[in-house]
file model_16.txt (compact mmCIF, C-alpha atoms and all ligand atoms)
# COMPACT_ATOMS: atom_id res chain seq x y z
CA MET A 1 15.06 100.75 143.06
CA LYS A 2 13.81 104.00 144.47
CA LYS A 3 16.18 106.90 144.39
CA GLY A 4 17.50 107.65 147.79
CA ILE A 5 17.40 104.19 149.17
CA PHE A 6 20.20 102.79 147.31
CA ILE A 7 22.63 104.33 149.50
CA VAL A 8 25.88 103.06 150.33
CA LEU A 9 28.74 100.98 150.44
CA LEU A 10 30.04 99.65 153.36
CA PHE A 11 32.70 99.26 155.54
CA CYS A 12 33.00 95.99 157.21
CA LEU A 13 33.46 97.67 160.49
CA LEU A 14 35.01 95.36 162.92
CA SER A 15 32.57 95.03 165.58
CA ALA A 16 31.60 92.24 167.75
CA GLY A 17 33.67 89.84 169.68
CA GLY A 18 33.66 87.68 172.69
CA LEU A 19 32.95 84.12 173.32
CA MET A 20 29.59 82.61 173.78
CA TYR A 21 30.05 78.91 173.40
CA HIS A 22 26.38 78.10 173.53
CA ALA A 23 25.78 80.34 170.51
CA VAL A 24 27.51 77.87 168.20
CA GLY A 25 25.05 76.70 165.62
CA GLU A 26 22.36 78.94 167.01
CA GLU A 27 19.69 79.79 164.47
CA TYR A 28 19.39 83.30 163.18
CA GLY A 29 17.21 85.55 165.34
CA ALA A 30 16.67 89.26 164.82
CA SER A 31 16.32 89.56 168.60
CA ASN A 32 20.01 88.82 169.12
CA PHE A 33 21.35 90.96 166.32
CA SER A 34 23.84 92.69 168.58
CA ALA A 35 27.58 92.46 168.98
CA GLU A 36 27.20 90.00 171.85
CA GLY A 37 24.38 88.00 170.28
CA ARG A 38 26.09 87.50 166.93
CA LYS A 39 29.55 86.58 168.09
CA LEU A 40 29.78 82.96 167.10
CA GLN A 41 27.23 82.96 164.33
CA PRO A 42 28.10 80.26 161.81
CA ALA A 43 28.12 81.24 158.13
CA PRO A 44 24.72 80.68 156.51
CA GLU A 45 24.47 77.68 154.19
CA GLY A 46 22.18 76.57 151.41
CA HIS A 47 22.25 79.64 149.19
CA ILE A 48 23.75 79.79 145.68
CA PRO A 49 27.21 81.35 145.88
CA GLY A 50 27.38 84.55 143.85
CA LYS A 51 23.61 84.87 143.55
CA ASP A 52 23.89 88.59 144.32
CA ASN A 53 26.77 89.41 141.98
CA GLY A 54 26.03 92.77 140.38
CA ALA A 55 25.94 93.32 136.62
CA GLY A 56 29.07 94.52 134.81
CA THR A 57 32.69 93.49 134.59
CA GLY A 58 34.12 95.80 137.24
CA THR A 59 37.82 95.07 136.91
CA HIS A 60 39.07 98.59 137.58
CA ASN A 61 40.38 100.26 140.74
CA ALA A 62 40.87 97.08 142.77
CA GLY A 63 41.66 97.98 146.36
CA GLU A 64 40.44 101.56 146.00
CA ASP A 65 37.42 102.87 147.88
CA CYS A 66 34.76 102.21 145.20
CA GLY A 67 32.53 104.71 146.99
CA ILE A 68 34.68 107.61 145.91
CA CYS A 69 33.17 107.36 142.43
CA HIS A 70 30.17 105.09 142.95
CA ARG A 71 28.10 107.61 144.90
CA PRO A 72 25.20 109.90 143.93
CA ASP A 73 27.43 112.86 143.20
CA GLY A 74 30.41 110.80 141.98
CA LYS A 75 31.85 109.88 138.59
CA ALA A 76 29.92 106.59 138.51
CA SER A 77 26.62 107.86 139.88
CA ASN A 78 24.67 105.52 137.60
CA HIS A 79 26.04 102.48 139.47
CA ILE A 80 25.28 102.82 143.17
CA PHE A 81 26.10 99.59 144.98
CA THR A 82 24.91 98.55 148.40
CA ILE A 83 28.17 96.70 149.05
CA SER A 84 31.44 96.51 147.14
CA GLY A 85 35.10 95.87 147.66
CA THR A 86 38.11 93.72 146.86
CA LEU A 87 39.14 90.37 148.27
CA TYR A 88 42.74 89.30 148.98
CA GLU A 89 44.74 86.24 149.84
CA ASP A 90 46.23 87.74 152.95
CA ARG A 91 45.62 90.55 155.35
CA ALA A 92 48.55 92.55 153.96
CA ALA A 93 46.59 92.67 150.67
CA ARG A 94 49.60 91.57 148.62
CA LYS A 95 47.64 89.42 146.19
CA ILE A 96 44.03 89.57 145.07
CA LEU A 97 41.84 86.50 145.44
CA LYS A 98 39.59 85.41 142.60
CA GLY A 99 36.52 83.19 142.89
CA ALA A 100 36.07 83.41 146.66
CA GLU A 101 32.80 84.31 148.30
CA VAL A 102 31.73 87.26 150.43
CA ILE A 103 28.62 86.39 152.45
CA LEU A 104 26.47 88.79 154.41
CA GLN A 105 23.45 88.09 156.54
CA ASP A 106 21.42 91.17 157.26
CA VAL A 107 19.31 92.07 160.24
CA ASN A 108 16.24 90.53 158.58
CA GLY A 109 18.04 87.22 158.11
CA ASN A 110 18.48 87.66 154.35
CA VAL A 111 21.66 86.21 152.88
CA ILE A 112 23.62 88.16 150.29
CA SER A 113 26.38 86.26 148.46
CA MET A 114 28.96 87.70 146.06
CA THR A 115 31.96 86.09 144.39
CA SER A 116 35.16 87.97 143.61
CA ASN A 117 36.15 88.41 139.96
CA GLU A 118 39.60 88.27 138.35
CA ALA A 119 40.47 91.64 139.89
CA GLY A 120 39.32 90.40 143.31
CA ASN A 121 36.39 92.83 143.08
CA PHE A 122 32.83 92.16 144.20
CA TRP A 123 29.72 94.34 144.32
CA THR A 124 25.96 94.13 144.56
CA TYR A 125 22.82 96.21 144.31
CA THR A 126 20.83 93.92 146.63
CA PRO A 127 19.17 95.92 149.42
CA ILE A 128 20.40 95.39 152.99
CA GLY A 129 17.97 95.08 155.90
CA SER A 130 17.46 98.04 158.18
CA ASN A 131 17.53 97.71 161.97
CA PRO A 132 14.56 99.62 163.42
CA ARG A 133 16.54 100.06 166.65
CA ALA A 134 19.79 101.21 165.05
CA VAL A 135 22.14 103.65 166.69
CA ALA A 136 24.93 105.50 164.90
CA ASN A 137 28.39 106.00 166.27
CA HIS A 138 31.25 107.30 164.22
CA GLY A 139 33.77 107.97 166.88
CA GLY A 140 31.75 110.76 168.48
CA PRO A 141 28.71 110.53 170.73
CA THR A 142 26.23 107.75 169.95
CA ILE A 143 23.06 108.95 168.22
CA LYS A 144 19.79 107.03 168.52
CA LEU A 145 18.17 106.74 165.09
CA TYR A 146 14.88 105.53 166.61
CA SER A 147 12.68 107.01 169.32
CA TYR A 148 9.60 106.22 171.39
CA ASP A 149 6.31 108.09 171.42
CA ALA A 150 4.51 109.21 174.59
CA ASN A 151 2.90 105.76 174.92
CA GLY A 152 6.20 103.98 174.69
CA ASN A 153 5.67 102.75 171.13
CA LEU A 154 8.76 102.45 168.99
CA ILE A 155 9.18 105.00 166.23
CA PRO A 156 11.57 102.97 164.07
CA ALA A 157 14.74 104.30 162.48
CA ASP A 158 14.30 105.43 158.86
CA PRO A 159 15.07 102.42 156.61
CA ALA A 160 16.32 104.80 153.92
CA ASP A 161 19.10 105.90 156.26
CA SER A 162 22.06 103.74 155.32
CA ARG A 163 23.39 103.92 158.85
CA THR A 164 20.58 101.57 159.88
CA TRP A 165 21.62 98.88 157.39
CA GLN A 166 23.20 96.09 159.36
CA TYR A 167 24.72 92.76 158.51
CA LYS A 168 27.13 90.11 159.64
CA ALA A 169 29.89 89.12 157.23
CA TRP A 170 32.01 86.10 156.30
CA VAL A 171 34.49 85.40 153.54
CA ARG A 172 34.80 81.88 152.24
CA ASN A 173 37.42 80.22 150.07
CA GLY A 174 36.81 76.51 149.62
CA ASP A 175 36.43 75.16 153.14
CA ARG A 176 38.23 78.10 154.73
CA ILE A 177 35.96 80.73 156.29
CA ILE A 178 36.96 83.95 157.98
CA ARG A 179 34.26 85.74 159.84
CA MET A 180 34.34 89.44 160.19
CA VAL A 181 33.03 89.39 163.75
CA THR A 182 30.85 92.25 162.69
CA ILE A 183 27.61 93.92 163.29
CA ALA A 184 28.46 96.47 160.74
CA PRO A 185 26.40 99.53 160.23
CA VAL A 186 26.60 100.44 156.60
CA GLY A 187 27.25 103.94 155.44
CA GLY A 188 29.65 106.67 156.01
CA ALA A 189 30.53 109.11 158.69
CA THR A 190 27.67 111.26 159.93
CA ASP A 191 26.03 111.61 156.53
CA PRO A 192 23.29 109.03 155.87
CA ALA A 193 23.77 109.32 152.11
CA SER A 194 27.54 109.06 151.96
CA ARG A 195 29.16 105.87 150.74
CA MET A 196 32.18 103.81 151.48
CA SER A 197 33.23 100.45 150.13
CA CYS A 198 34.70 97.64 152.20
CA ASN A 199 38.03 98.84 150.80
CA MET A 200 37.76 101.98 152.87
CA HIS A 201 38.80 99.79 155.81
CA HIS A 202 39.91 96.55 154.17
CA ALA A 203 42.62 97.12 151.58
CA GLY A 204 46.38 97.38 151.46
CA LEU A 205 46.27 100.71 153.20
CA GLY A 206 42.97 100.21 154.98
CA SER A 207 42.93 100.57 158.73
CA ARG A 208 41.80 96.96 159.23
CA GLY A 209 43.99 95.17 156.72
CA GLY A 210 42.77 93.48 153.55
CA LEU A 211 39.55 91.52 153.39
CA TRP A 212 41.21 88.14 153.07
CA VAL A 213 40.76 84.43 153.24
CA SER A 214 43.38 81.86 152.46
CA SER A 215 45.27 79.23 154.34
CA LYS A 216 48.70 80.50 153.34
CA ASN A 217 51.45 80.62 155.89
CA THR A 218 52.92 83.97 156.87
CA LEU A 219 56.57 83.41 155.93
CA PRO A 220 57.65 81.14 153.07
CA SER A 221 59.55 78.92 155.53
CA TYR A 222 60.77 78.67 159.12
CA PRO A 223 63.91 77.15 160.62
CA SER A 224 63.29 73.87 162.43
CA ALA A 225 65.00 75.16 165.60
CA ASN A 226 66.12 78.42 167.25
CA LEU A 227 63.11 80.43 166.25
CA SER A 228 63.22 84.17 166.81
CA PHE A 229 60.26 85.98 168.31
CA ARG A 230 61.02 89.12 166.34
CA LYS A 231 61.86 87.50 162.99
CA HIS A 232 59.43 84.59 162.88
CA ILE A 233 56.73 84.69 165.52
CA LEU A 234 55.65 88.31 165.67
CA PRO A 235 55.04 88.48 161.88
CA ILE A 236 52.61 85.57 162.24
CA PHE A 237 50.57 87.29 164.94
CA LYS A 238 50.70 90.60 163.11
CA ASN A 239 49.52 88.96 159.93
CA LYS A 240 46.65 86.95 161.38
CA CYS A 241 45.61 88.37 164.73
CA VAL A 242 45.51 92.09 163.97
CA PRO A 243 43.24 94.11 164.05
CA CYS A 244 41.54 92.36 166.94
CA HIS A 245 44.30 91.59 169.44
CA ILE A 246 45.87 95.03 169.44
CA PRO A 247 46.71 97.62 172.12
CA GLY A 248 44.21 100.20 173.34
CA SER A 249 40.44 100.15 173.16
CA THR A 250 38.89 97.40 171.05
CA MET A 251 35.30 97.76 172.15
CA THR A 252 32.73 97.18 169.45
CA ARG A 253 31.11 100.26 168.07
CA PRO A 254 27.49 100.49 169.25
CA ALA A 255 25.13 99.54 166.41
CA THR A 256 21.82 98.75 168.03
CA GLU A 257 19.71 99.65 171.07
CA SER A 258 20.94 96.79 173.21
CA ASP A 259 24.55 97.86 172.62
CA ILE A 260 23.91 101.06 174.56
CA ALA A 261 21.45 99.69 177.13
CA SER A 262 22.63 98.86 180.60
CA PRO A 263 24.18 96.35 180.66
CA SER A 264 25.50 96.97 177.16
CA THR A 265 25.88 94.17 174.62
CA SER A 266 29.04 95.76 173.20
CA VAL A 267 32.07 93.55 173.66
CA ASP A 268 35.85 93.78 173.74
CA TYR A 269 36.96 91.90 170.67
CA SER A 270 40.56 91.59 171.88
CA LYS A 271 39.60 89.94 175.18
CA GLY A 272 42.35 91.99 176.82
CA LEU A 273 45.01 90.39 174.65
CA ASP A 274 47.60 92.34 172.65
CA LEU A 275 49.33 89.91 170.29
CA THR A 276 51.45 92.66 168.75
CA SER A 277 53.57 92.71 171.90
CA TYR A 278 55.69 90.20 173.78
CA ALA A 279 55.00 91.34 177.33
CA GLY A 280 51.70 93.16 176.92
CA SER A 281 50.88 96.84 176.74
CA THR A 282 49.21 99.74 178.51
CA VAL A 283 47.65 102.35 176.26
CA SER A 284 45.20 104.98 177.52
CA ASP A 285 44.96 103.16 180.85
CA ILE A 286 43.96 99.91 179.13
CA THR A 287 46.34 97.13 180.13
CA LYS A 288 46.52 93.99 178.01
CA LYS A 289 48.37 90.72 178.19
CA GLY A 290 50.99 89.92 175.57
CA VAL A 291 52.07 86.80 173.67
CA ARG A 292 54.34 85.68 176.52
CA ASP A 293 51.52 85.61 179.06
CA LEU A 294 49.53 83.02 177.14
CA ALA A 295 52.55 81.07 175.92
CA SER A 296 55.14 80.68 178.68
CA PRO A 297 52.97 78.59 181.05
CA TYR A 298 52.75 75.96 178.29
CA GLN A 299 56.41 75.27 177.52
CA SER A 300 56.07 71.60 178.31
CA ASN A 301 52.79 71.27 176.44
CA PRO A 302 52.66 73.93 173.72
CA ASP A 303 49.56 72.56 172.00
CA SER A 304 47.46 73.51 175.02
CA SER A 305 48.47 77.15 174.88
CA PRO A 306 45.28 79.04 174.01
CA ILE A 307 47.33 81.06 171.57
CA LEU A 308 47.70 77.91 169.47
CA SER A 309 44.56 76.01 170.31
CA MET A 310 41.90 78.71 170.02
CA PRO A 311 42.45 79.70 166.38
CA VAL A 312 42.21 76.03 165.35
CA SER A 313 38.47 76.02 165.76
CA LEU A 314 35.66 78.36 164.82
CA ALA A 315 33.58 76.74 167.52
CA VAL A 316 35.67 78.26 170.31
CA HIS A 317 37.34 81.26 168.70
CA PRO A 318 34.91 83.89 167.45
CA GLY A 319 37.76 85.69 165.68
CA GLY A 320 38.06 82.87 163.18
CA GLN A 321 39.99 79.74 162.30
CA PHE A 322 43.50 80.72 161.32
CA TRP A 323 45.40 77.45 161.18
CA THR A 324 45.34 73.72 161.53
CA THR A 325 47.83 71.81 163.67
CA THR A 326 49.78 70.83 160.55
CA ASP A 327 50.23 74.38 159.16
CA ALA A 328 53.75 75.80 159.14
CA ASP A 329 52.64 78.91 161.08
CA TYR A 330 51.22 76.71 163.83
CA LYS A 331 54.33 74.54 163.97
CA ALA A 332 56.62 77.57 164.16
CA VAL A 333 54.75 79.05 167.13
CA ARG A 334 54.69 75.60 168.71
CA GLN A 335 58.44 75.22 168.37
CA TRP A 336 59.09 78.72 169.76
CA ILE A 337 56.98 77.93 172.84
CA ALA A 338 58.80 74.61 173.34
CA GLU A 339 62.13 76.46 173.09
CA GLY A 340 61.21 78.62 176.07
CA THR A 341 59.15 81.54 174.67
CA GLN A 342 62.20 83.77 174.43
CA ASN A 343 62.03 87.45 173.52
CA ASN A 344 64.79 87.06 170.98
C1 LIG T 401 38.43 89.15 163.92
C2 LIG T 401 38.90 89.32 165.27
C3 LIG T 401 39.90 88.32 165.80
C4 LIG T 401 41.03 87.87 165.20
C5 LIG T 401 41.58 88.25 163.85
C6 LIG T 401 41.65 86.98 166.14
N1 LIG T 401 40.92 86.90 167.27
FE1 LIG T 401 41.38 85.87 168.97
N2 LIG T 401 39.67 86.46 169.81
C7 LIG T 401 38.72 87.24 169.23
C8 LIG T 401 37.57 87.31 170.08
C9 LIG T 401 36.29 88.06 169.75
C10 LIG T 401 37.87 86.53 171.22
C11 LIG T 401 36.98 86.14 172.38
C12 LIG T 401 36.73 87.13 173.34
C13 LIG T 401 35.80 86.54 174.38
O1 LIG T 401 36.06 85.41 174.83
O2 LIG T 401 34.84 87.19 174.70
C14 LIG T 401 39.20 86.05 171.03
C15 LIG T 401 39.87 85.28 171.97
C16 LIG T 401 41.14 84.80 171.82
C17 LIG T 401 41.89 84.13 172.83
C18 LIG T 401 41.43 83.86 174.27
C19 LIG T 401 41.92 84.96 175.14
C20 LIG T 401 41.57 84.71 176.58
O3 LIG T 401 42.30 85.18 177.45
O4 LIG T 401 40.55 84.05 176.83
C21 LIG T 401 43.08 83.79 172.27
C22 LIG T 401 44.23 83.05 172.94
C23 LIG T 401 43.07 84.26 170.90
N3 LIG T 401 41.87 84.89 170.67
C24 LIG T 401 44.10 84.07 170.03
C25 LIG T 401 44.10 84.57 168.72
C26 LIG T 401 45.17 84.35 167.79
C27 LIG T 401 46.46 83.60 168.10
C28 LIG T 401 44.81 84.97 166.63
C29 LIG T 401 45.57 85.00 165.34
C30 LIG T 401 46.09 83.74 164.84
C31 LIG T 401 43.52 85.56 166.84
N4 LIG T 401 43.11 85.28 168.12
C32 LIG T 401 42.84 86.30 165.89
C33 LIG T 401 38.83 87.88 168.02
C34 LIG T 401 39.84 87.70 167.11
C1 LIG T 402 38.03 106.56 140.17
C2 LIG T 402 36.60 106.27 140.05
C3 LIG T 402 36.13 104.85 140.24
C4 LIG T 402 36.43 103.98 141.25
C5 LIG T 402 37.32 104.22 142.47
C6 LIG T 402 35.70 102.78 140.99
N1 LIG T 402 34.96 102.90 139.85
FE1 LIG T 402 33.69 101.51 139.03
N2 LIG T 402 33.23 102.80 137.54
C7 LIG T 402 33.76 104.07 137.41
C8 LIG T 402 33.18 104.67 136.21
C9 LIG T 402 33.48 106.07 135.71
C10 LIG T 402 32.31 103.71 135.66
C11 LIG T 402 31.49 103.83 134.41
C12 LIG T 402 30.19 104.45 134.79
C13 LIG T 402 29.29 104.57 133.57
O1 LIG T 402 28.96 103.51 132.99
O2 LIG T 402 28.93 105.67 133.27
C14 LIG T 402 32.38 102.55 136.53
C15 LIG T 402 31.66 101.40 136.31
C16 LIG T 402 31.68 100.29 137.13
C17 LIG T 402 30.90 99.10 136.91
C18 LIG T 402 29.89 98.86 135.80
C19 LIG T 402 30.56 98.85 134.47
C20 LIG T 402 31.61 97.78 134.37
O3 LIG T 402 32.80 98.14 134.20
O4 LIG T 402 31.30 96.60 134.56
C21 LIG T 402 31.23 98.24 137.92
C22 LIG T 402 30.68 96.85 138.11
C23 LIG T 402 32.21 98.90 138.76
N3 LIG T 402 32.44 100.14 138.24
C24 LIG T 402 32.78 98.33 139.86
C25 LIG T 402 33.67 98.99 140.69
C26 LIG T 402 34.22 98.43 141.90
C27 LIG T 402 33.91 97.06 142.46
C28 LIG T 402 35.05 99.37 142.44
C29 LIG T 402 35.90 99.28 143.69
C30 LIG T 402 36.81 98.18 143.78
C31 LIG T 402 35.03 100.51 141.55
N4 LIG T 402 34.18 100.24 140.52
C32 LIG T 402 35.76 101.65 141.77
C33 LIG T 402 34.65 104.69 138.22
C34 LIG T 402 35.20 104.16 139.36
call {"tool": "encode", "arguments": {"input": "model_16.txt", "output": "structure tokens"}}
result
Amino acid sequence: MKKGIFIVLLFCLLSAGGLMYHAVGEEYGASNFSAEGRKLQPAPEGHIPGKDNGAGTGTHNAGEDCGICHRPDGKASNHIFTISGTLYEDRAARKILKGAEVILQDVNGNVISMTSNEAGNFWTYTPIGSNPRAVANHGGPTIKLYSYDANGNLIPADPADSRTWQYKAWVRNGDRIIRMVTIAPVGGATDPASRMSCNMHHAGLGSRGGLWVSSKNTLPSYPSANLSFRKHILPIFKNKCVPCHIPGSTMTRPATESDIASPSTSVDYSKGLDLTSYAGSTVSDITKKGVRDLASPYQSNPDSSPILSMPVSLAVHPGGQFWTTTDADYKAVRQWIAEGTQNN
């Protein structure tokens, strides 16, 4: 690998969102590699799981930002990954998950597959495709990394700039898949050579919660009647529906030209729904519905509440499949709705 292009570790930046039912099963196409175009992309199939596992044992520093040391000027500058991180059983990152798969599909359609080791760690040196029309946005103004010449010909973004490296991500554990709803630009902050691992955002203390996939229920058990919103129901939504259905702005971060064009392909990945609140919220002039709003109309038929029915199926819920109708979490929410959706 050439020096200078190995850049980076990533952060599985939560990006896309939104529903596009007709996109289910749609074949990969670089032309729709935008937040909107990638929303319901199914996980790629047919590759060998773990084919991109990097060399080494790598059992140290689980949950830490690998990029602190694994960077050109860091303590482990002889091992510069393109992607690395730690996988967990649940979003709270209480327990690491061994032997599950992290799958990426980059902007060129290439599939990268890594399996987590006994420390939950995964990493790879496999290059990630660069989007010639990438834009960079790290909380400040959006910067175009491409330009056009006087004749209107594209001058593509520099493929060595890690901010142009884009992928979509899934984590798989047996038949359970959680999609990251991402069009993640790789790379850190404003510096094209800086590095972050997935753990920068997805770890116990990461801003997005652990990178997780398991079918475990939130609480060990629930009472069969008299469920409490505060004690039983809210923990479920906070465990599984954060960081998407939260208060305030949840627009995807622009990653490619079409995300900043007019109309933009950026999307609101909360769909105006704040599942961390009972009655909804208003933060910075953004008003969102709460749990009650999508539950109380369904007291006589809880299973049709979108709050229960959407997360049952990847085909309709781009945020992922979070339960089946026989899971204890599902049944607890169902019972609480049937009991009158009380704020108790
Ligand atoms: C990774 C992000 C993500 C997570 C986690 C997530 N969702 Fe979603 N959810 C979405 C996106 C994206 C949409 C669709 C927005 C659209 O239709 O454009 C959505 C839509 C919904 C809707 C439809 C809202 C409406 O008014 O149409 C419901 C209900 C919903 N989600 C419930 C849940 C529940 C319950 C959980 C947790 C068990 C959950 N979601 C977890 C991303 C997520
Ligand atoms: C505090 C610094 C630090 C952090 C954080 C760190 N590493 Fe390392 N890592 C090192 C050092 C030092 C080496 C040895 C480098 C050498 O061989 O000279 C190393 C080597 C490695 C190796 C190759 C040798 C081996 O042990 O197999 C792998 C793989 C690895 N690290 C994975 C990871 C992963 C994955 C993460 C994040 C979860 C991570 N590291 C976080 C310091 C760190």
call {"tool": "residues_near_ligand", "arguments": {"input": "model_16.txt", "ligand": "ligand LIG 401 (chain T)", "cutoff": "9 Å", "atoms": "only C-alpha atoms and all ligand atoms", "output": "ChimeraX atom specification"}}
result
/A:14-21,36,39-40,178-182,236-245,267-273,275,289,291,294,305-312,316-323,329-330
call {"tool": "write_last_selection", "arguments": {"input": "model_16.txt", "atoms": "C-alpha atoms", "output": "mmCIF file, in the coordinates of the input"}}
result
data_model
loop_
_atom_site.group_PDB
_atom_site.id
_atom_site.type_symbol
_atom_site.label_atom_id
_atom_site.label_comp_id
_atom_site.auth_asym_id
_atom_site.auth_seq_id
_atom_site.Cartn_x
_atom_site.Cartn_y
_atom_site.Cartn_z
ATOM 1 C CA LEU A 14 35.010 95.360 162.920
ATOM 2 C CA SER A 15 32.570 95.030 165.580
ATOM 3 C CA ALA A 16 31.600 92.240 167.750
ATOM 4 C CA GLY A 17 33.670 89.840 169.680
ATOM 5 C CA GLY A 18 33.660 87.680 172.690
ATOM 6 C CA LEU A 19 32.950 84.120 173.320
ATOM 7 C CA MET A 20 29.590 82.610 173.780
ATOM 8 C CA TYR A 21 30.050 78.910 173.400
ATOM 9 C CA GLU A 36 27.200 90.000 171.850
ATOM 10 C CA LYS A 39 29.550 86.580 168.090
ATOM 11 C CA LEU A 40 29.780 82.960 167.100
ATOM 12 C CA ILE A 178 36.960 83.950 157.980
ATOM 13 C CA ARG A 179 34.260 85.740 159.840
ATOM 14 C CA MET A 180 34.340 89.440 160.190
ATOM 15 C CA VAL A 181 33.030 89.390 163.750
ATOM 16 C CA THR A 182 30.850 92.250 162.690
ATOM 17 C CA ILE A 236 52.610 85.570 162.240
ATOM 18 C CA PHE A 237 50.570 87.290 164.940
ATOM 19 C CA LYS A 238 50.700 90.600 163.110
ATOM 20 C CA ASN A 239 49.520 88.960 159.930
ATOM 21 C CA LYS A 240 46.650 86.950 161.380
ATOM 22 C CA CYS A 241 45.610 88.370 164.730
ATOM 23 C CA VAL A 242 45.510 92.090 163.970
ATOM 24 C CA PRO A 243 43.240 94.110 164.050
ATOM 25 C CA CYS A 244 41.540 92.360 166.940
ATOM 26 C CA HIS A 245 44.300 91.590 169.440
ATOM 27 C CA VAL A 267 32.070 93.550 173.660
ATOM 28 C CA ASP A 268 35.850 93.780 173.740
ATOM 29 C CA TYR A 269 36.960 91.900 170.670
ATOM 30 C CA SER A 270 40.560 91.590 171.880
ATOM 31 C CA LYS A 271 39.600 89.940 175.180
ATOM 32 C CA GLY A 272 42.350 91.990 176.820
ATOM 33 C CA LEU A 273 45.010 90.390 174.650
ATOM 34 C CA LEU A 275 49.330 89.910 170.290
ATOM 35 C CA LYS A 289 48.370 90.720 178.190
ATOM 36 C CA VAL A 291 52.070 86.800 173.670
ATOM 37 C CA LEU A 294 49.530 83.020 177.140
ATOM 38 C CA SER A 305 48.470 77.150 174.880
ATOM 39 C CA PRO A 306 45.280 79.040 174.010
ATOM 40 C CA ILE A 307 47.330 81.060 171.570
ATOM 41 C CA LEU A 308 47.700 77.910 169.470
ATOM 42 C CA SER A 309 44.560 76.010 170.310
ATOM 43 C CA MET A 310 41.900 78.710 170.020
ATOM 44 C CA PRO A 311 42.450 79.700 166.380
ATOM 45 C CA VAL A 312 42.210 76.030 165.350
ATOM 46 C CA VAL A 316 35.670 78.260 170.310
ATOM 47 C CA HIS A 317 37.340 81.260 168.700
ATOM 48 C CA PRO A 318 34.910 83.890 167.450
ATOM 49 C CA GLY A 319 37.760 85.690 165.680
ATOM 50 C CA GLY A 320 38.060 82.870 163.180
ATOM 51 C CA GLN A 321 39.990 79.740 162.300
ATOM 52 C CA PHE A 322 43.500 80.720 161.320
ATOM 53 C CA TRP A 323 45.400 77.450 161.180
ATOM 54 C CA ASP A 329 52.640 78.910 161.080
ATOM 55 C CA TYR A 330 51.220 76.710 163.830
#
call {"tool": "residues_near_ligand", "arguments": {"input": "model_16.txt", "ligand": "ligand LIG 402 (chain T)", "cutoff": "7 Å", "atoms": "only C-alpha atoms and all ligand atoms", "output": "list in words"}}
result
Gly54, Ala55, Gly56, Thr57, Gly58, Thr59, His60, Asn61, Ala62, Gly63, Glu64, Asp65, Cys66, Gly67, Ile68, Cys69, His70, Lys75, Ala76, Asn78, His79, Ser84, Gly85, Thr86, Asn121, Phe122 and Trp123 of chain A
call {"tool": "closest_residue", "arguments": {"input": "model_16.txt", "among": "A:Thr282, A:Ser197, A:Asn344, A:Ser113", "to": "A:Thr126", "atoms": "all atoms listed in the file"}}
result
A:Ser113
call {"tool": "atom_distance", "arguments": {"input": "model_16.txt", "atom1": "atom CA of A:Lys144", "atom2": "atom CA of A:Ser130"}}
result
13.9 Å
call {"tool": "residues_around", "arguments": {"input": "model_16.txt", "residues": "A:Leu104", "least_positions_apart": "5", "cutoff": "8 Å", "atoms": "all atoms listed in the file", "output": "list in words"}}
result
Val111, Ile112, Ser113, Tyr167, Lys168, Ala169 and Trp170 of chain A
call {"tool": "atom_distance", "arguments": {"input": "model_16.txt", "atom1": "atom CA of A:Pro185", "atom2": "atom CA of A:Glu101"}}
result
20.4 Å
call {"tool": "closest_residue", "arguments": {"input": "model_16.txt", "among": "A:Tyr88, A:Glu45, A:Thr250, A:Gln342", "to": "A:Gly204", "atoms": "only C-alpha atoms"}}
result
A:Tyr88
call {"tool": "residues_around", "arguments": {"input": "model_16.txt", "residues": "A:Asp293", "least_positions_apart": "5", "cutoff": "9 Å", "atoms": "all atoms listed in the file", "output": "list in words"}}
result
Tyr278, Ala279 and Gly280 of chain A
call {"tool": "atom_distance", "arguments": {"input": "model_16.txt", "atom1": "atom CA of A:Asp303", "atom2": "atom CA of A:Ala332"}}
result
11.7 Å
call {"tool": "closest_residue", "arguments": {"input": "model_16.txt", "among": "A:Ala328, A:Val283, A:Leu314, A:Ala35", "to": "A:Pro247", "atoms": "only C-alpha atoms"}}
result
A:Val283
call {"tool": "axis_aligned_box", "arguments": {"input": "model_16.txt", "around": "stretch 119-127 of chain A", "padding_each_side": "6 Å", "output": "lines of an AutoDock Vina configuration file"}}
result
center_x = 29.8
center_y = 93.3
center_z = 144.7
size_x = 33.3
size_y = 17.8
size_z = 21.5
call {"tool": "closest_residue", "arguments": {"input": "model_16.txt", "among": "A:Asn151, A:Ser300, A:Asn32, A:Thr218", "to": "A:Ile183", "atoms": "all atoms listed in the file"}}
result
A:Asn32
call {"tool": "closest_residue", "arguments": {"input": "model_16.txt", "among": "A:Ala43, A:Ala150, A:Ala225, A:Ala119", "to": "A:Ile103", "atoms": "all atoms listed in the file"}}
result
A:Ala43
call {"tool": "closest_residue", "arguments": {"input": "model_16.txt", "among": "A:Thr124, A:Lys51, A:Gly174, A:Pro141", "to": "A:Lys98", "atoms": "all atoms listed in the file"}}
result
A:Gly174
call {"tool": "residues_around", "arguments": {"input": "model_16.txt", "residues": "A:Tyr298", "least_positions_apart": "6", "cutoff": "9 Å", "atoms": "all atoms listed in the file", "output": "ChimeraX atom specification"}}
result
/A:304-305,337-338
call {"tool": "residues_near_point", "arguments": {"input": "model_16.txt", "point": "(28.3, 82.6, 136.7)", "cutoff": "12 Å", "atoms": "all atoms listed in the file", "output": "PyMOL selection string"}}
result
chain A and resi 48-55+57+99+114-117
call {"tool": "closest_atom_pairs", "arguments": {"input": "model_16.txt", "of": "stretch 114-212 of chain A", "to": "stretch 254-266 of chain A", "cutoff": "6 Å", "atoms": "all atoms listed in the file", "output": "CSV"}}
result
residue,atom,partner,partner_atom,distance
A:Arg133,CA,A:Glu257,CA,5.5
A:Ala134,CA,A:Thr256,CA,4.4
A:Val135,CA,A:Thr256,CA,5.1
